[in-house]
file entry33.tsv (TSV, C-alpha atoms)
chain	number	residue	atom	x	y	z
A	531	MET	CA	27.81	66.20	44.34
A	532	SER	CA	26.42	62.74	43.54
A	533	TYR	CA	23.86	62.12	40.81
A	534	LEU	CA	21.42	60.91	43.48
A	535	VAL	CA	21.60	64.23	45.36
A	536	VAL	CA	21.14	66.23	42.16
A	537	LEU	CA	18.29	63.94	41.10
A	538	LYS	CA	16.50	64.56	44.40
A	539	LYS	CA	17.00	68.32	44.25
A	540	ARG	CA	16.38	68.86	40.54
A	541	PRO	CA	14.39	65.89	39.21
A	542	GLU	CA	13.27	67.87	36.14
A	543	ASP	CA	16.91	67.94	34.95
A	544	PHE	CA	16.76	64.18	34.52
A	545	LYS	CA	13.24	63.84	33.16
A	546	GLU	CA	14.40	62.88	29.66
A	547	HIS	CA	17.63	61.12	30.64
A	548	LEU	CA	18.45	57.43	30.56
A	549	MET	CA	20.57	56.49	33.56
A	550	ILE	CA	23.18	53.76	33.93
A	551	VAL	CA	22.43	52.08	37.25
A	552	LYS	CA	24.26	49.38	39.18
A	553	ILE	CA	21.83	47.14	41.08
A	554	LYS	CA	23.16	46.23	44.52
A	555	LYS	CA	20.27	44.36	46.04
A	556	TRP	CA	16.76	43.20	45.20
A	557	GLU	CA	14.73	41.74	48.01
A	558	LYS	CA	12.91	38.51	47.20
A	559	HIS	CA	9.46	40.11	47.47
A	560	GLY	CA	10.56	43.67	46.84
A	561	LYS	CA	8.83	45.71	44.18
A	562	PHE	CA	11.92	47.77	43.37
A	563	ALA	CA	15.65	47.13	43.32
A	564	ILE	CA	18.20	49.05	45.40
A	565	GLY	CA	21.13	50.37	43.43
A	566	THR	CA	23.54	53.17	42.63
A	567	LEU	CA	23.21	55.77	39.90
A	568	ILE	CA	26.42	55.59	37.86
A	569	GLU	CA	25.93	58.21	35.15
A	570	PRO	CA	23.35	59.54	32.69
A	571	ILE	CA	23.43	58.86	28.99
A	572	ASN	CA	23.66	62.46	27.85
A	573	LYS	CA	20.73	63.34	25.60
A	574	ASP	CA	22.59	66.43	24.41
A	575	LYS	CA	25.53	64.34	23.17
A	576	TYR	CA	23.44	61.73	21.34
A	577	SER	CA	20.38	61.79	19.10
A	578	LEU	CA	17.17	60.19	20.33
A	579	VAL	CA	17.92	56.90	18.54
A	580	GLU	CA	21.57	56.90	19.58
A	581	THR	CA	20.62	57.60	23.21
A	582	ALA	CA	18.33	54.58	23.18
A	583	THR	CA	21.08	52.58	21.46
A	584	GLN	CA	23.60	53.52	24.13
A	585	GLY	CA	21.10	52.39	26.73
A	586	ILE	CA	20.76	48.98	25.04
A	587	LEU	CA	24.54	48.62	24.80
A	588	SER	CA	25.06	49.56	28.44
A	589	GLU	CA	22.26	47.29	29.63
A	590	ASN	CA	23.80	44.32	27.82
A	591	ASP	CA	27.42	45.23	28.63
A	592	LEU	CA	28.35	45.52	24.95
A	593	ASP	CA	31.57	47.27	23.96
A	594	ASP	CA	31.25	49.70	21.05
A	595	SER	CA	34.50	51.55	21.66
A	596	PRO	CA	36.78	52.06	18.63
A	597	PHE	CA	39.58	49.59	18.01
A	598	PRO	CA	43.05	50.88	18.96
A	599	ASP	CA	44.63	53.01	16.21
A	600	ASP	CA	47.63	50.69	15.89
A	601	ILE	CA	45.71	47.41	15.74
A	602	ASP	CA	45.85	47.11	11.94
A	603	ALA	CA	49.64	46.97	12.17
A	604	GLU	CA	49.55	43.51	13.73
A	605	ILE	CA	47.25	42.13	11.01
A	606	PRO	CA	49.24	40.60	8.12
A	607	ASP	CA	48.40	41.61	4.57
A	608	LEU	CA	46.92	39.16	2.09
A	609	ASP	CA	49.92	37.31	0.68
A	610	ILE	CA	49.24	33.86	-0.78
A	611	THR	CA	52.62	32.15	-0.96
A	612	GLU	CA	53.67	28.97	-2.76
A	613	GLN	CA	53.76	27.36	0.67
A	614	ASP	CA	50.11	28.32	1.25
A	615	ILE	CA	49.13	26.91	-2.15
A	616	MET	CA	50.91	23.60	-1.50
A	617	ALA	CA	49.42	23.30	1.99
A	618	ARG	CA	45.91	23.81	0.58
A	619	LYS	CA	46.46	21.98	-2.72
A	620	GLU	CA	43.65	19.45	-2.18
A	621	PHE	CA	41.27	22.29	-1.31
A	622	ASP	CA	42.31	24.85	-3.90
A	623	PHE	CA	38.86	25.75	-5.28
A	624	ARG	CA	39.81	28.96	-7.07
A	625	ASN	CA	38.78	27.44	-10.41
A	626	LYS	CA	35.33	26.44	-9.08
A	627	CYS	CA	32.09	28.39	-9.43
A	628	ILE	CA	31.70	29.67	-5.87
A	629	PHE	CA	29.38	32.52	-4.86
A	630	THR	CA	27.96	34.31	-1.84
A	631	ILE	CA	24.30	34.99	-1.06
A	632	ASP	CA	23.65	37.65	1.58
A	633	PRO	CA	21.32	40.52	2.49
A	634	ALA	CA	21.64	43.55	0.22
A	635	THR	CA	23.15	45.56	3.10
A	636	ALA	CA	25.88	43.02	3.95
A	637	ARG	CA	29.46	44.23	3.92
A	638	ASP	CA	31.19	41.28	5.60
A	639	LEU	CA	30.73	38.19	3.43
A	640	ASP	CA	31.84	35.29	5.61
A	641	ASP	CA	30.31	32.26	3.87
A	642	ALA	CA	30.04	31.01	0.30
A	643	CYS	CA	28.55	27.99	-1.48
A	644	SER	CA	29.37	25.77	-4.44
A	645	VAL	CA	27.91	22.73	-6.17
A	646	GLU	CA	29.23	20.45	-8.90
A	647	VAL	CA	27.33	17.70	-10.72
A	648	LEU	CA	29.43	14.53	-10.42
A	649	GLY	CA	27.05	12.18	-12.20
A	650	ASP	CA	23.49	10.98	-12.32
A	651	ASP	CA	21.90	12.08	-9.03
A	652	LEU	CA	25.31	12.71	-7.46
A	653	TYR	CA	26.67	16.10	-6.36
A	654	GLU	CA	29.64	17.69	-4.63
A	655	VAL	CA	28.42	20.52	-2.39
A	656	GLY	CA	30.74	22.91	-0.58
A	657	VAL	CA	30.31	25.48	2.17
A	658	HIS	CA	33.29	27.79	2.46
A	659	ILE	CA	33.86	29.98	5.54
A	660	ALA	CA	36.38	32.81	5.75
A	661	ASP	CA	39.55	31.57	7.49
A	662	VAL	CA	40.04	34.21	10.18
A	663	SER	CA	42.63	32.02	11.93
A	664	HIS	CA	45.08	32.68	9.08
A	665	PHE	CA	45.26	36.35	10.11
A	666	VAL	CA	44.59	36.24	13.86
A	667	SER	CA	47.04	34.47	16.16
A	668	PRO	CA	46.32	33.54	19.80
A	669	GLY	CA	47.45	36.13	22.31
A	670	THR	CA	47.41	39.09	19.92
A	671	SER	CA	45.43	42.25	20.63
A	672	VAL	CA	42.96	41.36	17.87
A	673	ASP	CA	42.39	37.93	19.43
A	674	ASP	CA	41.98	39.37	22.94
A	675	ILE	CA	39.40	41.96	21.81
A	676	ALA	CA	37.52	39.39	19.73
A	677	ARG	CA	37.38	37.06	22.76
A	678	GLU	CA	35.87	39.85	24.82
A	679	ARG	CA	33.30	40.82	22.18
A	680	THR	CA	32.59	37.18	21.14
A	681	THR	CA	30.35	38.24	18.24
A	682	SER	CA	29.41	41.11	15.97
A	683	VAL	CA	26.29	42.92	17.17
A	684	TYR	CA	23.71	43.89	14.55
A	685	LEU	CA	21.55	46.86	15.48
A	686	VAL	CA	18.84	48.46	13.37
A	687	GLN	CA	21.03	51.29	12.14
A	688	ARG	CA	24.60	50.00	12.52
A	689	VAL	CA	26.89	47.08	13.25
A	690	ILE	CA	29.38	46.75	16.08
A	691	PRO	CA	32.03	44.44	14.59
A	692	MET	CA	33.87	41.78	16.53
A	693	LEU	CA	36.94	42.24	14.34
A	694	PRO	CA	38.63	45.34	12.87
A	695	ARG	CA	37.21	46.40	9.52
A	696	LYS	CA	40.46	45.49	7.76
A	697	LEU	CA	39.54	41.89	8.55
A	698	CYS	CA	35.74	41.71	8.50
A	699	GLU	CA	35.23	43.88	5.41
A	700	ASN	CA	38.39	43.06	3.48
A	701	LEU	CA	40.79	40.20	4.22
A	702	CYS	CA	38.17	37.91	5.77
A	703	SER	CA	35.30	38.97	3.55
A	704	LEU	CA	34.77	36.61	0.61
A	705	ASN	CA	34.53	39.44	-1.90
A	706	PRO	CA	34.10	38.47	-5.57
A	707	GLY	CA	36.98	38.33	-8.03
A	708	VAL	CA	39.77	38.06	-5.44
A	709	ASP	CA	41.58	35.10	-3.85
A	710	ARG	CA	40.67	34.41	-0.25
A	711	PHE	CA	41.76	32.03	2.51
A	712	SER	CA	38.86	29.90	3.68
A	713	PHE	CA	37.89	26.76	5.55
A	714	SER	CA	35.66	24.35	3.65
A	715	VAL	CA	33.37	21.44	4.36
A	716	VAL	CA	32.61	19.44	1.22
A	717	TRP	CA	30.00	16.70	0.90
A	718	LYS	CA	29.43	14.08	-1.75
A	719	MET	CA	25.65	14.01	-1.73
A	720	LYS	CA	22.79	12.22	-3.47
A	721	GLY	CA	19.77	14.06	-4.80
A	722	ASP	CA	17.66	13.03	-1.80
A	723	GLY	CA	20.13	14.73	0.57
A	724	THR	CA	21.89	11.53	1.65
A	725	VAL	CA	25.55	12.29	2.43
A	726	LEU	CA	27.98	9.68	1.11
A	727	SER	CA	31.19	11.32	2.33
A	728	THR	CA	32.41	14.48	4.05
A	729	LYS	CA	35.78	16.17	4.04
A	730	PHE	CA	37.14	19.26	5.77
A	731	GLY	CA	40.13	21.42	5.01
A	732	LYS	CA	41.78	24.81	4.84
A	733	SER	CA	41.09	26.07	1.36
A	734	LEU	CA	41.56	28.80	-1.23
A	735	ILE	CA	38.59	30.25	-3.12
A	736	ASN	CA	37.79	33.03	-5.55
A	737	SER	CA	34.10	33.92	-5.41
A	738	CYS	CA	32.57	34.74	-8.78
A	739	CYS	CA	29.63	36.84	-7.56
A	740	LYS	CA	28.19	38.70	-4.59
A	741	LEU	CA	24.51	37.83	-4.85
A	742	HIS	CA	21.72	39.22	-2.69
A	743	TYR	CA	18.89	37.02	-1.48
A	744	GLU	CA	16.62	38.81	-3.93
A	745	HIS	CA	18.84	37.85	-6.89
A	746	ALA	CA	18.91	34.19	-5.87
A	747	GLN	CA	15.15	34.24	-5.29
A	748	ASP	CA	14.59	35.60	-8.80
A	749	MET	CA	16.59	32.67	-10.17
A	750	ILE	CA	14.56	30.18	-8.11
A	751	ASP	CA	11.24	31.73	-9.12
A	752	ASP	CA	12.16	31.75	-12.81
A	753	PRO	CA	15.05	29.33	-13.57
A	754	ASP	CA	15.01	30.18	-17.29
A	755	ARG	CA	15.04	33.94	-16.88
A	756	GLU	CA	17.50	35.89	-19.00
A	757	PHE	CA	18.95	38.72	-16.92
A	758	ASP	CA	19.71	42.04	-18.56
A	759	ILE	CA	22.93	43.94	-17.91
A	760	GLY	CA	22.72	45.69	-14.56
A	761	GLN	CA	20.09	43.37	-13.08
A	762	LEU	CA	22.78	41.30	-11.36
A	763	PRO	CA	26.07	42.25	-9.68
A	764	PRO	CA	29.27	41.73	-11.72
A	765	ILE	CA	30.07	38.06	-12.42
A	766	TYR	CA	33.77	37.16	-12.50
A	767	ASN	CA	35.97	34.27	-13.65
A	768	GLY	CA	34.13	33.66	-16.93
A	769	TYR	CA	30.88	32.38	-15.44
A	770	SER	CA	27.41	33.45	-16.59
A	771	ALA	CA	24.07	34.24	-14.99
A	772	ARG	CA	22.75	31.03	-16.55
A	773	THR	CA	25.41	28.96	-14.77
A	774	LEU	CA	24.69	30.65	-11.45
A	775	SER	CA	20.95	30.07	-11.86
A	776	GLN	CA	21.46	26.39	-12.60
A	777	LYS	CA	23.66	25.90	-9.54
A	778	ILE	CA	21.35	27.85	-7.23
A	779	ASN	CA	18.40	25.76	-8.34
A	780	ILE	CA	20.34	22.55	-7.69
A	781	LEU	CA	21.23	23.80	-4.21
A	782	ASN	CA	17.61	24.79	-3.61
A	783	ARG	CA	16.37	21.28	-4.46
A	784	LEU	CA	19.00	19.71	-2.19
A	785	ALA	CA	18.17	22.18	0.61
A	786	LYS	CA	14.51	21.12	0.47
A	787	ARG	CA	15.51	17.46	0.82
A	788	LEU	CA	17.76	18.32	3.78
A	789	ASN	CA	14.90	20.21	5.40
A	790	GLU	CA	12.54	17.27	4.93
A	791	GLY	CA	15.08	15.05	6.65
A	792	ARG	CA	15.38	17.42	9.61
A	793	VAL	CA	11.60	17.65	9.99
A	794	LYS	CA	11.28	13.84	9.95
A	795	ALA	CA	13.95	13.73	12.65
A	796	GLY	CA	11.78	15.99	14.83
A	797	ALA	CA	12.93	19.51	13.99
A	798	LEU	CA	10.40	22.17	14.97
A	799	SER	CA	10.34	25.35	12.90
A	800	ILE	CA	8.15	28.24	14.10
A	801	GLN	CA	8.36	31.12	11.65
A	802	GLN	CA	7.93	34.57	13.17
A	803	ASN	CA	7.55	37.79	11.25
A	804	LYS	CA	10.68	39.92	11.26
A	805	ILE	CA	10.24	43.67	11.26
A	806	GLN	CA	12.62	45.79	9.20
A	807	PHE	CA	13.01	49.56	9.38
A	808	SER	CA	13.97	52.19	6.86
A	809	ILE	CA	16.15	54.81	8.55
A	810	GLU	CA	16.47	58.48	7.56
A	811	ASP	CA	20.18	59.18	7.07
A	812	LYS	CA	20.45	62.55	8.83
A	813	SER	CA	18.24	62.06	11.89
A	814	GLY	CA	18.69	58.31	12.28
A	815	LEU	CA	14.94	58.04	12.90
A	816	PRO	CA	12.82	55.32	11.31
A	817	VAL	CA	10.68	56.59	8.44
A	818	SER	CA	8.91	53.33	7.59
A	819	LEU	CA	8.71	49.72	8.62
A	820	GLY	CA	7.62	46.50	7.05
A	821	SER	CA	7.67	42.76	7.38
A	822	TYR	CA	10.82	41.04	6.10
A	823	LYS	CA	9.83	38.20	3.80
A	824	SER	CA	12.04	35.14	3.94
A	825	GLY	CA	12.01	33.08	0.75
A	826	ASP	CA	13.57	29.87	-0.52
A	827	SER	CA	16.90	31.64	-1.08
A	828	ASN	CA	17.11	32.44	2.65
A	829	LYS	CA	16.15	28.87	3.55
A	830	LEU	CA	18.74	27.51	1.12
A	831	ILE	CA	21.57	29.25	2.96
A	832	GLU	CA	20.06	28.36	6.34
A	833	GLU	CA	19.92	24.66	5.50
A	834	PHE	CA	23.51	24.42	4.32
A	835	MET	CA	24.84	26.46	7.24
A	836	LEU	CA	22.98	24.06	9.58
A	837	LYS	CA	24.42	21.12	7.67
A	838	ALA	CA	27.94	22.54	7.92
A	839	ASN	CA	27.56	23.20	11.65
A	840	GLY	CA	26.21	19.69	12.21
A	841	SER	CA	29.03	18.08	10.24
A	842	VAL	CA	31.66	20.04	12.17
A	843	ALA	CA	30.01	19.09	15.49
A	844	GLU	CA	30.08	15.39	14.52
A	845	LYS	CA	33.75	15.69	13.58
A	846	LEU	CA	34.61	17.34	16.88
A	847	VAL	CA	32.79	14.69	18.89
A	848	GLU	CA	34.46	11.94	16.86
A	849	HIS	CA	38.00	13.20	17.48
A	850	TYR	CA	37.60	14.98	20.83
A	851	PRO	CA	34.79	13.13	22.64
A	852	ASP	CA	35.89	14.35	26.09
A	853	ASN	CA	36.62	17.96	25.12
A	854	ALA	CA	34.12	18.91	22.43
A	855	ILE	CA	31.75	21.71	23.43
A	856	ILE	CA	28.75	21.66	21.12
A	857	ARG	CA	25.37	23.35	21.04
A	858	ARG	CA	22.47	21.07	21.89
A	859	HIS	CA	18.84	21.83	21.13
A	860	VAL	CA	16.79	19.92	23.67
A	861	GLY	CA	13.23	18.89	22.95
A	862	PRO	CA	10.30	21.05	24.08
A	863	LYS	CA	9.39	20.69	27.75
A	864	LYS	CA	6.24	18.73	28.49
A	865	HIS	CA	4.48	21.55	30.36
A	866	VAL	CA	5.22	23.96	27.49
A	867	LEU	CA	3.67	21.58	24.97
A	868	GLU	CA	0.63	21.09	27.21
A	869	GLY	CA	0.23	24.84	27.59
A	870	THR	CA	0.51	25.31	23.82
A	871	LYS	CA	-2.16	22.67	23.24
A	872	LYS	CA	-4.55	24.52	25.58
A	873	VAL	CA	-3.97	27.79	23.72
A	874	PHE	CA	-4.89	26.13	20.42
A	875	GLU	CA	-7.94	24.43	21.99
A	876	ARG	CA	-9.28	27.79	23.18
A	877	MET	CA	-9.19	28.90	19.53
A	878	GLY	CA	-10.99	25.74	18.42
A	879	ILE	CA	-7.90	24.26	16.76
A	880	GLU	CA	-6.92	20.64	17.33
A	881	VAL	CA	-3.14	20.22	17.48
A	882	ASP	CA	-1.20	17.10	18.49
A	883	CYS	CA	1.45	18.40	20.88
A	884	THR	CA	2.81	15.05	22.06
A	885	SER	CA	6.14	15.69	20.32
A	886	SER	CA	7.91	18.35	18.29
A	887	TYR	CA	7.42	16.24	15.14
A	888	SER	CA	3.66	15.85	15.59
A	889	MET	CA	3.38	19.54	16.43
A	890	GLN	CA	5.29	20.51	13.28
A	891	GLU	CA	2.99	18.32	11.18
A	892	ALA	CA	-0.06	19.98	12.72
A	893	LEU	CA	1.36	23.46	12.14
A	894	ASN	CA	2.12	22.62	8.50
A	895	LYS	CA	-1.47	21.45	7.95
A	896	LEU	CA	-2.77	24.57	9.70
A	897	GLN	CA	-0.64	26.77	7.45
A	898	LEU	CA	-2.08	25.12	4.35
A	899	SER	CA	-5.65	25.29	5.64
A	900	PRO	CA	-7.94	27.70	3.73
A	901	LYS	CA	-9.23	28.95	7.09
call {"tool": "encode", "arguments": {"input": "entry33.tsv", "output": "structure tokens"}}
result
Amino acid sequence: MSYLVVLKKRPEDFKEHLMIVKIKKWEKHGKFAIGTLIEPINKDKYSLVETATQGILSENDLDDSPFPDDIDAEIPDLDITEQDIMARKEFDFRNKCIFTIDPATARDLDDACSVEVLGDDLYEVGVHIADVSHFVSPGTSVDDIARERTTSVYLVQRVIPMLPRKLCENLCSLNPGVDRFSFSVVWKMKGDGTVLSTKFGKSLINSCCKLHYEHAQDMIDDPDREFDIGQLPPIYNGYSARTLSQKINILNRLAKRLNEGRVKAGALSIQQNKIQFSIEDKSGLPVSLGSYKSGDSNKLIEEFMLKANGSVAEKLVEHYPDNAIIRRHVGPKKHVLEGTKKVFERMGIEVDCTSSYSMQEALNKLQLSPK
């Protein structure tokens, strides 16, 4: 008996069910679509939150099935050979002070930063990304599944990883105190954010600390603070909290200069409040919510990730002008800007919406206004 027949005869049985439906047709002026009921998401099998989660996954065609049991067997173990060291000799940064800054809940640490003072107003800044390609070869099962998933999916209460946990939480996670394969972009940069040179390469790193955004923010808020034992995560490779604080504050100053350059070039930044939930372990239900506050430490990482992405895009276009596929952020559409201007006018606020730059200037002034 089909679900449709049962639904017609016993509609109360499905009152609290979510249904997976395949839409077959939707008339141009029709109020409802015509489709087929595939199956219910069983409320007896899942909790309330998990039922809703399964609905979201199904609606967006996201695969949360477990990885095959034997998939770890095709992933090589971490084995840094003399050949690897020679091949990455120019980019062997294991003796550099490199660190990660991530949310407190992060388990997969895929990017790290470093900065060295080269001279008066001259710095070497590095962004180091986990080198997944060292462990995943084209045509393998891991590669095929990752191609299908395309990205890790972050839900409120869990993560659906793109890669097996052996990779994303171990071999390709830039955990502190251990050698890791990485890919680095390194800039020689002036204090005003001007880039003098850029180089790219497969690298080796050994992160000295797994910092949370809150730790880095504490260092930015109070650069001279002396941290007591236990206030920071373990620091490896002989470095100190003082050294980390100095480097984070240098990166913060450079990040602000980079941001100023992007804004002058017409970048539009509209900050929206992010809601975060606290989840009760047993039921999976939210017990509280609040607004996630993004500070300078978040913006620091954001700026250097943007800079790294931009540098890589420029390199791709330079060497593969006919084949490079890059992301392009087009300017705001004229009718959208005009509509935005009218919204502000109805509130008695004068905003110049002739361009993204002028709009950003107006928004900055509005944010600083005592009103």
call {"tool": "closest_residue", "arguments": {"input": "entry33.tsv", "among": "A:Glu604, A:Pro633, A:Ser714, A:Leu652", "to": "Asp673 (chain A)", "atoms": "all atoms listed in the file"}}
result
A:Glu604
call {"tool": "closest_residue", "arguments": {"input": "entry33.tsv", "among": "A:Ile805, A:Ala797, A:Glu810, A:Val683", "to": "Asn590 (chain A)", "atoms": "only C-alpha atoms"}}
result
A:Val683
call {"tool": "atom_distance", "arguments": {"input": "entry33.tsv", "atom1": "CA of Gln890 (chain A)", "atom2": "CA of Gly791 (chain A)"}}
result
13.0 Å
call {"tool": "closest_residue", "arguments": {"input": "entry33.tsv", "among": "A:Asn705, A:Gly649, A:Arg688, A:Lys552", "to": "Gly814 (chain A)", "atoms": "only C-alpha atoms"}}
result
A:Arg688
call {"tool": "closest_residue", "arguments": {"input": "entry33.tsv", "among": "A:Val645, A:Leu639, A:Leu830, A:Leu896", "to": "Ser703 (chain A)", "atoms": "all atoms listed in the file"}}
result
A:Leu639
call {"tool": "residues_near_point", "arguments": {"input": "entry33.tsv", "point": "(45.0, 37.8, 16.9)", "cutoff": "12 Å", "atoms": "all atoms listed in the file", "output": "mmCIF file with C-alpha atoms, in the coordinates of the input"}}
result
data_model
loop_
_atom_site.group_PDB
_atom_site.id
_atom_site.type_symbol
_atom_site.label_atom_id
_atom_site.label_comp_id
_atom_site.auth_asym_id
_atom_site.auth_seq_id
_atom_site.Cartn_x
_atom_site.Cartn_y
_atom_site.Cartn_z
ATOM 1 C CA ILE A 601 45.710 47.410 15.740
ATOM 2 C CA ASP A 602 45.850 47.110 11.940
ATOM 3 C CA ALA A 603 49.640 46.970 12.170
ATOM 4 C CA GLU A 604 49.550 43.510 13.730
ATOM 5 C CA ILE A 605 47.250 42.130 11.010
ATOM 6 C CA PRO A 606 49.240 40.600 8.120
ATOM 7 C CA VAL A 662 40.040 34.210 10.180
ATOM 8 C CA SER A 663 42.630 32.020 11.930
ATOM 9 C CA HIS A 664 45.080 32.680 9.080
ATOM 10 C CA PHE A 665 45.260 36.350 10.110
ATOM 11 C CA VAL A 666 44.590 36.240 13.860
ATOM 12 C CA SER A 667 47.040 34.470 16.160
ATOM 13 C CA PRO A 668 46.320 33.540 19.800
ATOM 14 C CA GLY A 669 47.450 36.130 22.310
ATOM 15 C CA THR A 670 47.410 39.090 19.920
ATOM 16 C CA SER A 671 45.430 42.250 20.630
ATOM 17 C CA VAL A 672 42.960 41.360 17.870
ATOM 18 C CA ASP A 673 42.390 37.930 19.430
ATOM 19 C CA ASP A 674 41.980 39.370 22.940
ATOM 20 C CA ILE A 675 39.400 41.960 21.810
ATOM 21 C CA ALA A 676 37.520 39.390 19.730
ATOM 22 C CA ARG A 677 37.380 37.060 22.760
ATOM 23 C CA MET A 692 33.870 41.780 16.530
ATOM 24 C CA LEU A 693 36.940 42.240 14.340
ATOM 25 C CA PRO A 694 38.630 45.340 12.870
ATOM 26 C CA LEU A 697 39.540 41.890 8.550
#
call {"tool": "closest_residue", "arguments": {"input": "entry33.tsv", "among": "A:Thr724, A:Ala838, A:Asp661, A:Gln776", "to": "Glu646 (chain A)", "atoms": "only C-alpha atoms"}}
result
A:Gln776
call {"tool": "residues_around", "arguments": {"input": "entry33.tsv", "residues": "Cys643 (chain A)", "least_positions_apart": "6", "cutoff": "9 Å", "atoms": "only C-alpha atoms", "output": "JSON, numbers by chain"}}
result
{"A": [627, 628, 629, 630, 631, 655, 656, 657, 658, 781, 831, 834]}
call {"tool": "atom_distance", "arguments": {"input": "entry33.tsv", "atom1": "CA of His742 (chain A)", "atom2": "CA of Asn803 (chain A)"}}
result
19.9 Å
call {"tool": "atom_distance", "arguments": {"input": "entry33.tsv", "atom1": "CA of Leu704 (chain A)", "atom2": "CA of Ser821 (chain A)"}}
result
28.6 Å
call {"tool": "closest_residue", "arguments": {"input": "entry33.tsv", "among": "A:His859, A:Arg695, A:Lys554, A:Arg710", "to": "Asp599 (chain A)", "atoms": "all atoms listed in the file"}}
result
A:Arg695
call {"tool": "residues_around", "arguments": {"input": "entry33.tsv", "residues": "Arg755 (chain A)", "least_positions_apart": "6", "cutoff": "9 Å", "atoms": "all atoms listed in the file", "output": "PDB file with C-alpha atoms, in the frame of the given file"}}
result
ATOM      1  CA  ASP A 748      14.590  35.600  -8.800  1.00  0.00           C
ATOM      2  CA  MET A 749      16.590  32.670 -10.170  1.00  0.00           C
ATOM      3  CA  ARG A 772      22.750  31.030 -16.550  1.00  0.00           C
ATOM      4  CA  SER A 775      20.950  30.070 -11.860  1.00  0.00           C
TER       5      SER A 775
END
call {"tool": "residues_around", "arguments": {"input": "entry33.tsv", "residues": "Ala892 (chain A)", "least_positions_apart": "5", "cutoff": "10 Å", "atoms": "only C-alpha atoms", "output": "MDAnalysis selection string"}}
result
chainID A and resid 879:883 886:887 897
call {"tool": "closest_atom_pairs", "arguments": {"input": "entry33.tsv", "of": "region 705-737 of chain A", "to": "region 762-769 of chain A", "cutoff": "12 Å", "atoms": "all atoms listed in the file", "output": "tab-separated table"}}
result
residue	atom	partner	partner_atom	distance
A:Asn705	CA	A:Tyr766	CA	10.9
A:Pro706	CA	A:Tyr766	CA	7.1
A:Gly707	CA	A:Tyr766	CA	5.6
A:Val708	CA	A:Tyr766	CA	9.3
A:Asp709	CA	A:Asn767	CA	11.3
A:Ile735	CA	A:Asn767	CA	11.6
A:Asn736	CA	A:Asn767	CA	8.4
A:Ser737	CA	A:Tyr766	CA	7.8
call {"tool": "residues_around", "arguments": {"input": "entry33.tsv", "residues": "Val842 (chain A)", "least_positions_apart": "6", "cutoff": "10 Å", "atoms": "only C-alpha atoms", "output": "MDAnalysis selection string"}}
result
chainID A and resid 715 728:730 836 848 856
